[in-house]
$ cat entry_18.cif   # mmCIF, C-alpha atoms
data_start
loop_
_atom_site.group_PDB
_atom_site.id
_atom_site.type_symbol
_atom_site.label_atom_id
_atom_site.label_comp_id
_atom_site.auth_asym_id
_atom_site.auth_seq_id
_atom_site.Cartn_x
_atom_site.Cartn_y
_atom_site.Cartn_z
ATOM 1 C CA MET A 1 25.176 -12.598 -8.833
ATOM 2 C CA THR A 2 25.083 -8.871 -9.538
ATOM 3 C CA LYS A 3 22.401 -6.548 -8.214
ATOM 4 C CA LYS A 4 20.920 -6.325 -11.717
ATOM 5 C CA GLN A 5 20.800 -10.114 -11.983
ATOM 6 C CA ARG A 6 19.183 -10.419 -8.556
ATOM 7 C CA ALA A 7 16.530 -7.863 -9.524
ATOM 8 C CA ALA A 8 15.799 -9.726 -12.780
ATOM 9 C CA LEU A 9 15.475 -13.046 -10.951
ATOM 10 C CA VAL A 10 13.132 -11.536 -8.351
ATOM 11 C CA GLN A 11 10.925 -10.041 -11.042
ATOM 12 C CA SER A 12 10.876 -13.276 -13.055
ATOM 13 C CA GLU A 13 9.955 -15.480 -10.086
ATOM 14 C CA LEU A 14 7.263 -13.087 -8.873
ATOM 15 C CA GLU A 15 5.730 -12.964 -12.347
ATOM 16 C CA LYS A 16 5.481 -16.787 -12.333
ATOM 17 C CA LEU A 17 3.858 -16.770 -8.899
ATOM 18 C CA TYR A 18 1.519 -13.824 -9.368
ATOM 19 C CA PRO A 19 0.741 -13.212 -13.063
ATOM 20 C CA GLN A 20 -2.397 -11.394 -11.936
ATOM 21 C CA VAL A 21 -2.437 -9.262 -8.786
ATOM 22 C CA PRO A 22 -5.725 -8.067 -7.338
ATOM 23 C CA ILE A 23 -5.696 -4.913 -5.242
ATOM 24 C CA PRO A 24 -5.763 -6.241 -1.650
ATOM 25 C CA LEU A 25 -8.101 -3.552 -0.294
ATOM 26 C CA ASP A 26 -11.760 -3.752 -1.303
ATOM 27 C CA HIS A 27 -13.034 -0.542 -2.871
ATOM 28 C CA THR A 28 -15.332 0.740 -5.610
ATOM 29 C CA ASP A 29 -13.739 4.045 -6.650
ATOM 30 C CA PRO A 30 -10.755 6.326 -5.907
ATOM 31 C CA TYR A 31 -12.400 7.744 -2.775
ATOM 32 C CA THR A 32 -13.161 4.393 -1.142
ATOM 33 C CA LEU A 33 -9.662 3.195 -2.074
ATOM 34 C CA MET A 34 -8.084 6.238 -0.421
ATOM 35 C CA VAL A 35 -10.166 5.723 2.728
ATOM 36 C CA ALA A 36 -9.250 2.008 2.842
ATOM 37 C CA VAL A 37 -5.529 2.729 2.435
ATOM 38 C CA ALA A 38 -5.657 5.423 5.125
ATOM 39 C CA LEU A 39 -7.333 2.925 7.454
ATOM 40 C CA SER A 40 -4.722 0.233 6.726
ATOM 41 C CA ALA A 41 -1.893 2.027 8.555
ATOM 42 C CA GLN A 42 -0.619 -0.196 11.377
ATOM 43 C CA THR A 43 -3.286 -2.840 10.769
ATOM 44 C CA THR A 44 -3.941 -5.623 8.249
ATOM 45 C CA ASP A 45 -5.734 -5.359 4.919
ATOM 46 C CA LYS A 46 -7.898 -8.268 6.084
ATOM 47 C CA LYS A 47 -9.126 -6.284 9.086
ATOM 48 C CA VAL A 48 -9.787 -3.210 6.930
ATOM 49 C CA ASN A 49 -11.818 -5.307 4.478
ATOM 50 C CA GLN A 50 -13.921 -6.583 7.387
ATOM 51 C CA VAL A 51 -14.746 -3.051 8.528
ATOM 52 C CA THR A 52 -15.201 -1.080 5.300
ATOM 53 C CA PRO A 53 -18.431 -2.680 3.968
ATOM 54 C CA GLU A 54 -20.407 -1.234 6.879
ATOM 55 C CA LEU A 55 -18.485 2.058 6.728
ATOM 56 C CA PHE A 56 -19.011 2.487 2.983
ATOM 57 C CA ALA A 57 -22.694 1.566 3.246
ATOM 58 C CA VAL A 58 -23.105 4.619 5.484
ATOM 59 C CA ALA A 59 -20.342 6.903 4.207
ATOM 60 C CA GLY A 60 -19.113 5.787 0.807
ATOM 61 C CA THR A 61 -18.781 9.352 -0.513
ATOM 62 C CA PRO A 62 -17.080 12.473 0.852
ATOM 63 C CA GLN A 63 -20.503 14.127 1.113
ATOM 64 C CA ARG A 64 -21.870 11.396 3.370
ATOM 65 C CA MET A 65 -18.660 11.022 5.399
ATOM 66 C CA ALA A 66 -18.522 14.758 6.109
ATOM 67 C CA LYS A 67 -22.051 14.677 7.544
ATOM 68 C CA LEU A 68 -21.107 12.133 10.210
ATOM 69 C CA GLU A 69 -19.753 13.117 13.597
ATOM 70 C CA GLU A 70 -16.327 11.844 14.583
ATOM 71 C CA TYR A 71 -17.795 9.527 17.210
ATOM 72 C CA GLN A 72 -20.080 7.961 14.578
ATOM 73 C CA ILE A 73 -17.117 7.256 12.285
ATOM 74 C CA LYS A 74 -15.119 5.893 15.213
ATOM 75 C CA GLU A 75 -17.951 3.510 16.082
ATOM 76 C CA LEU A 76 -17.863 2.147 12.523
ATOM 77 C CA ILE A 77 -14.061 1.609 12.540
ATOM 78 C CA LYS A 78 -13.498 0.828 16.229
ATOM 79 C CA GLU A 79 -12.011 -2.611 15.494
ATOM 80 C CA ILE A 80 -9.114 -0.956 13.679
ATOM 81 C CA GLY A 81 -6.084 0.391 15.520
ATOM 82 C CA LEU A 82 -5.760 4.168 16.032
ATOM 83 C CA SER A 83 -9.501 4.540 15.457
ATOM 84 C CA ASN A 84 -9.689 7.914 17.247
ATOM 85 C CA THR A 85 -7.096 9.528 14.991
ATOM 86 C CA LYS A 86 -8.391 7.803 11.873
ATOM 87 C CA ALA A 87 -11.978 8.904 12.530
ATOM 88 C CA LYS A 88 -10.819 12.503 12.910
ATOM 89 C CA ASN A 89 -8.763 12.259 9.721
ATOM 90 C CA LEU A 90 -11.579 10.693 7.683
ATOM 91 C CA LYS A 91 -14.027 13.437 8.621
ATOM 92 C CA ARG A 92 -11.568 16.244 7.865
ATOM 93 C CA MET A 93 -10.396 14.518 4.672
ATOM 94 C CA ALA A 94 -13.989 14.443 3.425
ATOM 95 C CA GLU A 95 -14.547 18.088 4.357
ATOM 96 C CA LEU A 96 -11.398 19.210 2.522
ATOM 97 C CA LEU A 97 -12.270 17.136 -0.557
ATOM 98 C CA LEU A 98 -15.552 19.037 -0.693
ATOM 99 C CA GLU A 99 -13.977 22.437 0.031
ATOM 100 C CA ARG A 100 -10.988 22.159 -2.288
ATOM 101 C CA HIS A 101 -11.876 19.577 -4.941
ATOM 102 C CA ASN A 102 -15.676 19.496 -5.277
ATOM 103 C CA GLY A 103 -15.683 16.055 -3.672
ATOM 104 C CA VAL A 104 -13.380 14.545 -6.316
ATOM 105 C CA VAL A 105 -10.145 12.792 -5.341
ATOM 106 C CA PRO A 106 -7.273 14.842 -6.828
ATOM 107 C CA GLN A 107 -4.669 13.294 -9.098
ATOM 108 C CA THR A 108 -1.457 14.889 -7.836
ATOM 109 C CA TYR A 109 0.821 13.873 -4.981
ATOM 110 C CA GLU A 110 0.882 17.404 -3.605
ATOM 111 C CA GLU A 111 -2.896 17.672 -3.354
ATOM 112 C CA LEU A 112 -3.324 14.141 -2.019
ATOM 113 C CA GLU A 113 -0.631 14.507 0.653
ATOM 114 C CA ALA A 114 -2.258 17.740 1.836
ATOM 115 C CA LEU A 115 -5.260 15.706 3.003
ATOM 116 C CA PRO A 116 -5.397 14.448 6.627
ATOM 117 C CA GLY A 117 -4.350 10.815 6.973
ATOM 118 C CA VAL A 118 -2.780 10.713 3.504
ATOM 119 C CA GLY A 119 0.973 10.242 3.617
ATOM 120 C CA HIS A 120 3.270 9.530 0.697
ATOM 121 C CA LYS A 121 2.564 5.788 0.679
ATOM 122 C CA THR A 122 -1.212 6.289 0.649
ATOM 123 C CA ALA A 123 -0.885 8.893 -2.101
ATOM 124 C CA SER A 124 1.310 6.509 -4.117
ATOM 125 C CA VAL A 125 -1.236 3.694 -3.818
ATOM 126 C CA VAL A 126 -4.051 5.992 -4.967
ATOM 127 C CA MET A 127 -1.978 7.373 -7.841
ATOM 128 C CA SER A 128 -1.012 3.891 -9.053
ATOM 129 C CA GLN A 129 -4.065 1.777 -8.328
ATOM 130 C CA ALA A 130 -6.865 4.306 -8.805
ATOM 131 C CA PHE A 131 -5.399 6.428 -11.601
ATOM 132 C CA GLY A 132 -2.754 4.243 -13.244
ATOM 133 C CA PHE A 133 0.192 6.606 -12.728
ATOM 134 C CA PRO A 134 3.534 4.788 -12.335
ATOM 135 C CA ALA A 135 4.302 4.561 -8.625
ATOM 136 C CA PHE A 136 6.122 2.206 -6.290
ATOM 137 C CA PRO A 137 4.495 2.459 -2.856
ATOM 138 C CA VAL A 138 6.844 0.886 -0.309
ATOM 139 C CA ASP A 139 5.444 -0.689 2.835
ATOM 140 C CA THR A 140 7.276 -2.628 5.541
ATOM 141 C CA HIS A 141 7.013 -5.915 3.557
ATOM 142 C CA ILE A 142 8.766 -4.366 0.550
ATOM 143 C CA HIS A 143 11.360 -2.548 2.645
ATOM 144 C CA ARG A 144 12.212 -5.748 4.527
ATOM 145 C CA LEU A 145 12.372 -7.974 1.452
ATOM 146 C CA MET A 146 14.388 -5.570 -0.674
ATOM 147 C CA THR A 147 16.865 -5.286 2.193
ATOM 148 C CA GLN A 148 16.938 -9.070 2.491
ATOM 149 C CA TRP A 149 17.518 -9.424 -1.240
ATOM 150 C CA LYS A 150 20.293 -6.791 -1.065
ATOM 151 C CA LEU A 151 18.509 -4.576 -3.557
ATOM 152 C CA THR A 152 18.579 -1.607 -1.194
ATOM 153 C CA SER A 153 20.623 -0.315 1.701
ATOM 154 C CA GLY A 154 17.887 2.226 2.442
ATOM 155 C CA LYS A 155 17.369 3.035 6.089
ATOM 156 C CA ASN A 156 13.677 3.820 5.539
ATOM 157 C CA VAL A 157 10.847 3.318 3.060
ATOM 158 C CA ILE A 158 11.580 6.588 1.231
ATOM 159 C CA GLU A 159 15.146 5.528 0.397
ATOM 160 C CA THR A 160 13.957 2.028 -0.523
ATOM 161 C CA GLU A 161 11.361 3.517 -2.874
ATOM 162 C CA LYS A 162 14.075 5.473 -4.694
ATOM 163 C CA ASP A 163 16.163 2.308 -5.064
ATOM 164 C CA ALA A 164 13.181 0.293 -6.349
ATOM 165 C CA LYS A 165 12.438 2.947 -8.963
ATOM 166 C CA SER A 166 16.052 2.969 -10.108
ATOM 167 C CA ILE A 167 16.254 -0.840 -10.348
ATOM 168 C CA TRP A 168 13.048 -1.691 -12.218
ATOM 169 C CA LYS A 169 11.484 -0.121 -15.292
ATOM 170 C CA GLU A 170 8.611 2.260 -14.739
ATOM 171 C CA GLU A 171 6.110 0.099 -16.615
ATOM 172 C CA VAL A 172 6.347 -2.710 -14.031
ATOM 173 C CA TRP A 173 6.182 -0.599 -10.852
ATOM 174 C CA ASN A 174 2.416 -0.733 -10.297
ATOM 175 C CA LYS A 175 2.262 -4.520 -10.565
ATOM 176 C CA LEU A 176 5.616 -5.400 -9.020
ATOM 177 C CA HIS A 177 5.082 -3.619 -5.721
ATOM 178 C CA LEU A 178 1.913 -5.679 -5.205
ATOM 179 C CA GLN A 179 3.705 -8.893 -6.207
ATOM 180 C CA ILE A 180 6.370 -8.258 -3.557
ATOM 181 C CA ILE A 181 3.700 -7.605 -0.917
ATOM 182 C CA PHE A 182 1.874 -10.845 -1.788
ATOM 183 C CA TYR A 183 5.160 -12.765 -1.708
ATOM 184 C CA GLY A 184 6.098 -11.310 1.666
ATOM 185 C CA ARG A 185 2.795 -12.322 3.193
ATOM 186 C CA GLU A 186 2.815 -15.823 1.751
ATOM 187 C CA TYR A 187 6.471 -16.842 1.801
ATOM 188 C CA SER A 188 8.360 -14.523 4.136
ATOM 189 C CA PRO A 189 6.188 -13.104 6.920
ATOM 190 C CA ALA A 190 7.945 -10.730 9.301
ATOM 191 C CA ARG A 191 7.408 -13.011 12.306
ATOM 192 C CA GLY A 192 8.219 -16.212 10.427
ATOM 193 C CA LYS A 193 11.536 -17.980 10.090
ATOM 194 C CA GLY A 194 11.626 -17.694 6.320
ATOM 195 C CA GLU A 195 11.613 -21.446 5.609
ATOM 196 C CA LYS A 196 9.354 -20.900 2.593
ATOM 197 C CA ASP A 197 11.314 -17.910 1.260
ATOM 198 C CA PHE A 198 12.701 -19.640 -1.819
ATOM 199 C CA ILE A 199 13.670 -16.415 -3.624
ATOM 200 C CA THR A 200 16.179 -15.474 -0.919
ATOM 201 C CA LYS A 201 17.564 -19.020 -1.083
ATOM 202 C CA MET A 202 17.868 -18.793 -4.872
ATOM 203 C CA LEU A 203 19.685 -15.474 -4.628
ATOM 204 C CA PHE A 204 22.247 -16.380 -2.013
ATOM 205 C CA GLU A 205 22.588 -20.149 -1.578
ATOM 206 C CA GLU A 206 23.766 -20.881 -5.104
ATOM 207 C CA LYS A 207 27.179 -19.408 -4.379
ATOM 208 C CA ASP A 208 27.656 -21.810 -1.497
ATOM 209 C CA LYS A 209 27.305 -24.924 -3.667
#
$ encode --input "entry_18.cif" --output "structure tokens"
Amino acid sequence: MTKKQRAALVQSELEKLYPQVPIPLDHTDPYTLMVAVALSAQTTDKKVNQVTPELFAVAGTPQRMAKLEEYQIKELIKEIGLSNTKAKNLKRMAELLLERHNGVVPQTYEELEALPGVGHKTASVVMSQAFGFPAFPVDTHIHRLMTQWKLTSGKNVIETEKDAKSIWKEEVWNKLHLQIIFYGREYSPARGKGEKDFITKMLFEEKDK
């Protein structure tokens, strides 16, 4: 099976499994999405979704977040890993949104990535899921699965993102990256043994028959 054939099979099977893909992080607008994605680094979406209702009730806008002290933000997100750093970033992010963008989340990678706590992956998620720009945010699930499926030899998520964008058409990027994440969580968790990972079996066990 060629790389192109493997990519087509992956896309086809994921479309059958996940014809509709909800955004895993609860949010109400681009700002709350950006905050949720920034909080999700090195923790689970489930944990973020448990914490953000209380956070957004108090600080669901840059104006309200900027008024809080760091220790107040930390108290609201203390169950999440790296809460000290994230609290500092959220306060400064809100301040810079007000100073530079009148409190409105910008719609360019350069402006987004200039905000504290917003790396390329977070910016990509905001660009794709909040604003509908074609993007292929790569997390550890996607990097691991694309390596497993021999669709990338990338040594990091940046290289894997380039490969993903070269393999699949732009119009499927926003949906497909979420489909791969959902598949990874359900069928091929990082700490699992991969017994349920039928796509990998389809890709590589046929040749052994």
$ residues_near_point --input "entry_18.cif" --point "(2.0, -12.3, -8.4)" --cutoff "10 Å" --atoms "only C-alpha atoms" --output "JSON, numbers by chain"
{"A": [11, 13, 14, 15, 16, 17, 18, 19, 20, 21, 22, 175, 176, 177, 178, 179, 180, 181, 182, 183]}
$ residues_around --input "entry_18.cif" --residues "range 138-147 of chain A" --least-positions-apart "2" --cutoff "9 Å" --atoms "all atoms listed in the file" --output "PyMOL selection string"
chain A and resi 121+124+136+149-158+160-161+164+177+180-185+188-190+200
$ closest_residue --input "entry_18.cif" --among "A:Lys46, A:Lys88, A:Lys3, A:His27" --to "Ala66 in chain A" --atoms "only C-alpha atoms"
A:Lys88
$ resolve_selection --input "entry_18.cif" --expression "the PyMOL selection byres ((chain A and resi 28) around 12)" --output "ChimeraX atom specification"
/A:23,25-27,29-36,52-53,56-57,60-61,129-130
$ atom_distance --input "entry_18.cif" --atom1 "CA of Lys162 in chain A" --atom2 "CA of Lys201 in chain A"
25.0 Å
$ closest_residue --input "entry_18.cif" --among "A:Ile77, A:Leu90, A:Met65, A:Trp173" --to "Gln50 in chain A" --atoms "only C-alpha atoms"
A:Ile77
$ closest_residue --input "entry_18.cif" --among "A:Ala59, A:Ala7, A:Leu76, A:Val172" --to "Ser128 in chain A" --atoms "all atoms listed in the file"
A:Val172
$ decode --input "entry_18.cif" --residues "range 15-129 of chain A" --atoms "C-alpha atoms" --output "CSV table (one decimal), in the first residue's frame"
chain,number,residue,atom,x,y,z
A,15,GLU,CA,-15.1,9.8,8.2
A,16,LYS,CA,-17.1,6.7,8.9
A,17,LEU,CA,-16.3,6.8,12.6
A,18,TYR,CA,-16.7,10.5,13.2
A,19,PRO,CA,-18.9,12.2,10.5
A,20,GLN,CA,-19.4,15.0,13.0
A,21,VAL,CA,-16.7,16.2,15.3
A,22,PRO,CA,-17.4,18.5,18.2
A,23,ILE,CA,-14.7,20.8,19.4
A,24,PRO,CA,-13.4,19.0,22.6
A,25,LEU,CA,-12.9,22.1,24.6
A,26,ASP,CA,-16.0,23.9,25.9
A,27,HIS,CA,-16.0,27.6,25.0
A,28,THR,CA,-18.4,30.3,23.9
A,29,ASP,CA,-16.3,32.6,21.7
A,30,PRO,CA,-12.7,32.9,20.3
A,31,TYR,CA,-11.4,34.3,23.6
A,32,THR,CA,-12.7,31.5,25.8
A,33,LEU,CA,-11.5,29.0,23.2
A,34,MET,CA,-8.0,30.5,23.2
A,35,VAL,CA,-7.9,30.4,27.0
A,36,ALA,CA,-9.1,26.8,27.1
A,37,VAL,CA,-6.5,25.7,24.6
A,38,ALA,CA,-3.7,27.5,26.5
A,39,LEU,CA,-4.8,25.7,29.6
A,40,SER,CA,-4.9,22.3,27.9
A,41,ALA,CA,-1.1,22.1,27.6
A,42,GLN,CA,0.2,19.0,29.4
A,43,THR,CA,-3.2,18.2,30.8
A,44,THR,CA,-6.5,16.6,29.5
A,45,ASP,CA,-9.4,18.4,27.8
A,46,LYS,CA,-11.6,16.7,30.3
A,47,LYS,CA,-9.8,18.4,33.2
A,48,VAL,CA,-9.9,21.8,31.4
A,49,ASN,CA,-13.6,21.5,30.9
A,50,GLN,CA,-14.1,20.8,34.6
A,51,VAL,CA,-12.2,24.0,35.5
A,52,THR,CA,-13.3,26.5,32.9
A,53,PRO,CA,-17.0,27.0,33.9
A,54,GLU,CA,-16.0,28.6,37.1
A,55,LEU,CA,-13.1,30.5,35.5
A,56,PHE,CA,-15.3,31.9,32.7
A,57,ALA,CA,-18.1,32.8,35.1
A,58,VAL,CA,-15.6,35.2,36.8
A,59,ALA,CA,-13.3,36.1,33.9
A,60,GLY,CA,-14.9,35.2,30.5
A,61,THR,CA,-13.6,38.3,28.8
A,62,PRO,CA,-10.1,39.9,28.5
A,63,GLN,CA,-11.4,42.9,30.5
A,64,ARG,CA,-12.5,40.8,33.5
A,65,MET,CA,-9.4,38.5,33.3
A,66,ALA,CA,-7.0,41.5,33.3
A,67,LYS,CA,-8.6,42.8,36.5
A,68,LEU,CA,-7.8,39.7,38.5
A,69,GLU,CA,-4.6,39.2,40.3
A,70,GLU,CA,-2.4,36.2,39.4
A,71,TYR,CA,-3.1,34.5,42.6
A,72,GLN,CA,-6.9,34.8,42.0
A,73,ILE,CA,-6.5,33.2,38.5
A,74,LYS,CA,-4.3,30.5,40.0
A,75,GLU,CA,-6.9,29.6,42.6
A,76,LEU,CA,-9.5,29.1,39.8
A,77,ILE,CA,-7.2,26.8,37.8
A,78,LYS,CA,-5.2,25.2,40.5
A,79,GLU,CA,-6.3,21.7,39.6
A,80,ILE,CA,-4.6,22.0,36.2
A,81,GLY,CA,-0.9,21.3,35.8
A,82,LEU,CA,1.5,24.3,35.5
A,83,SER,CA,-1.1,26.5,37.2
A,84,ASN,CA,1.5,29.2,38.3
A,85,THR,CA,2.8,29.7,34.7
A,86,LYS,CA,-0.6,29.5,33.2
A,87,ALA,CA,-2.1,32.0,35.6
A,88,LYS,CA,0.7,34.5,34.8
A,89,ASN,CA,0.2,33.9,31.0
A,90,LEU,CA,-3.6,34.3,31.2
A,91,LYS,CA,-3.3,37.7,33.0
A,92,ARG,CA,-0.7,39.0,30.6
A,93,MET,CA,-2.5,37.6,27.6
A,94,ALA,CA,-5.6,39.6,28.6
A,95,GLU,CA,-3.7,42.7,29.2
A,96,LEU,CA,-2.0,42.5,25.8
A,97,LEU,CA,-5.3,41.8,24.0
A,98,LEU,CA,-6.6,45.0,25.5
A,99,GLU,CA,-3.4,47.0,24.8
A,100,ARG,CA,-2.9,45.8,21.2
A,101,HIS,CA,-6.2,44.6,19.9
A,102,ASN,CA,-9.0,46.4,21.8
A,103,GLY,CA,-9.8,43.2,23.6
A,104,VAL,CA,-10.5,41.3,20.3
A,105,VAL,CA,-8.7,38.0,19.5
A,106,PRO,CA,-6.6,38.7,16.4
A,107,GLN,CA,-6.9,36.6,13.3
A,108,THR,CA,-3.3,36.1,12.3
A,109,TYR,CA,-0.7,33.6,13.4
A,110,GLU,CA,1.9,36.3,14.1
A,111,GLU,CA,-0.3,38.3,16.4
A,112,LEU,CA,-1.7,35.2,18.2
A,113,GLU,CA,1.8,33.7,18.8
A,114,ALA,CA,3.0,37.0,20.2
A,115,LEU,CA,0.6,36.5,23.1
A,116,PRO,CA,1.8,34.8,26.3
A,117,GLY,CA,0.9,31.1,26.5
A,118,VAL,CA,0.0,30.9,22.8
A,119,GLY,CA,2.3,28.7,20.8
A,120,HIS,CA,1.9,27.6,17.2
A,121,LYS,CA,-0.5,24.7,18.1
A,122,THR,CA,-2.8,27.0,20.2
A,123,ALA,CA,-2.8,29.6,17.4
A,124,SER,CA,-3.6,26.9,14.9
A,125,VAL,CA,-6.6,25.7,16.9
A,126,VAL,CA,-7.9,29.2,17.3
A,127,MET,CA,-7.4,30.0,13.6
A,128,SER,CA,-9.2,26.8,12.5
A,129,GLN,CA,-11.9,26.3,15.1
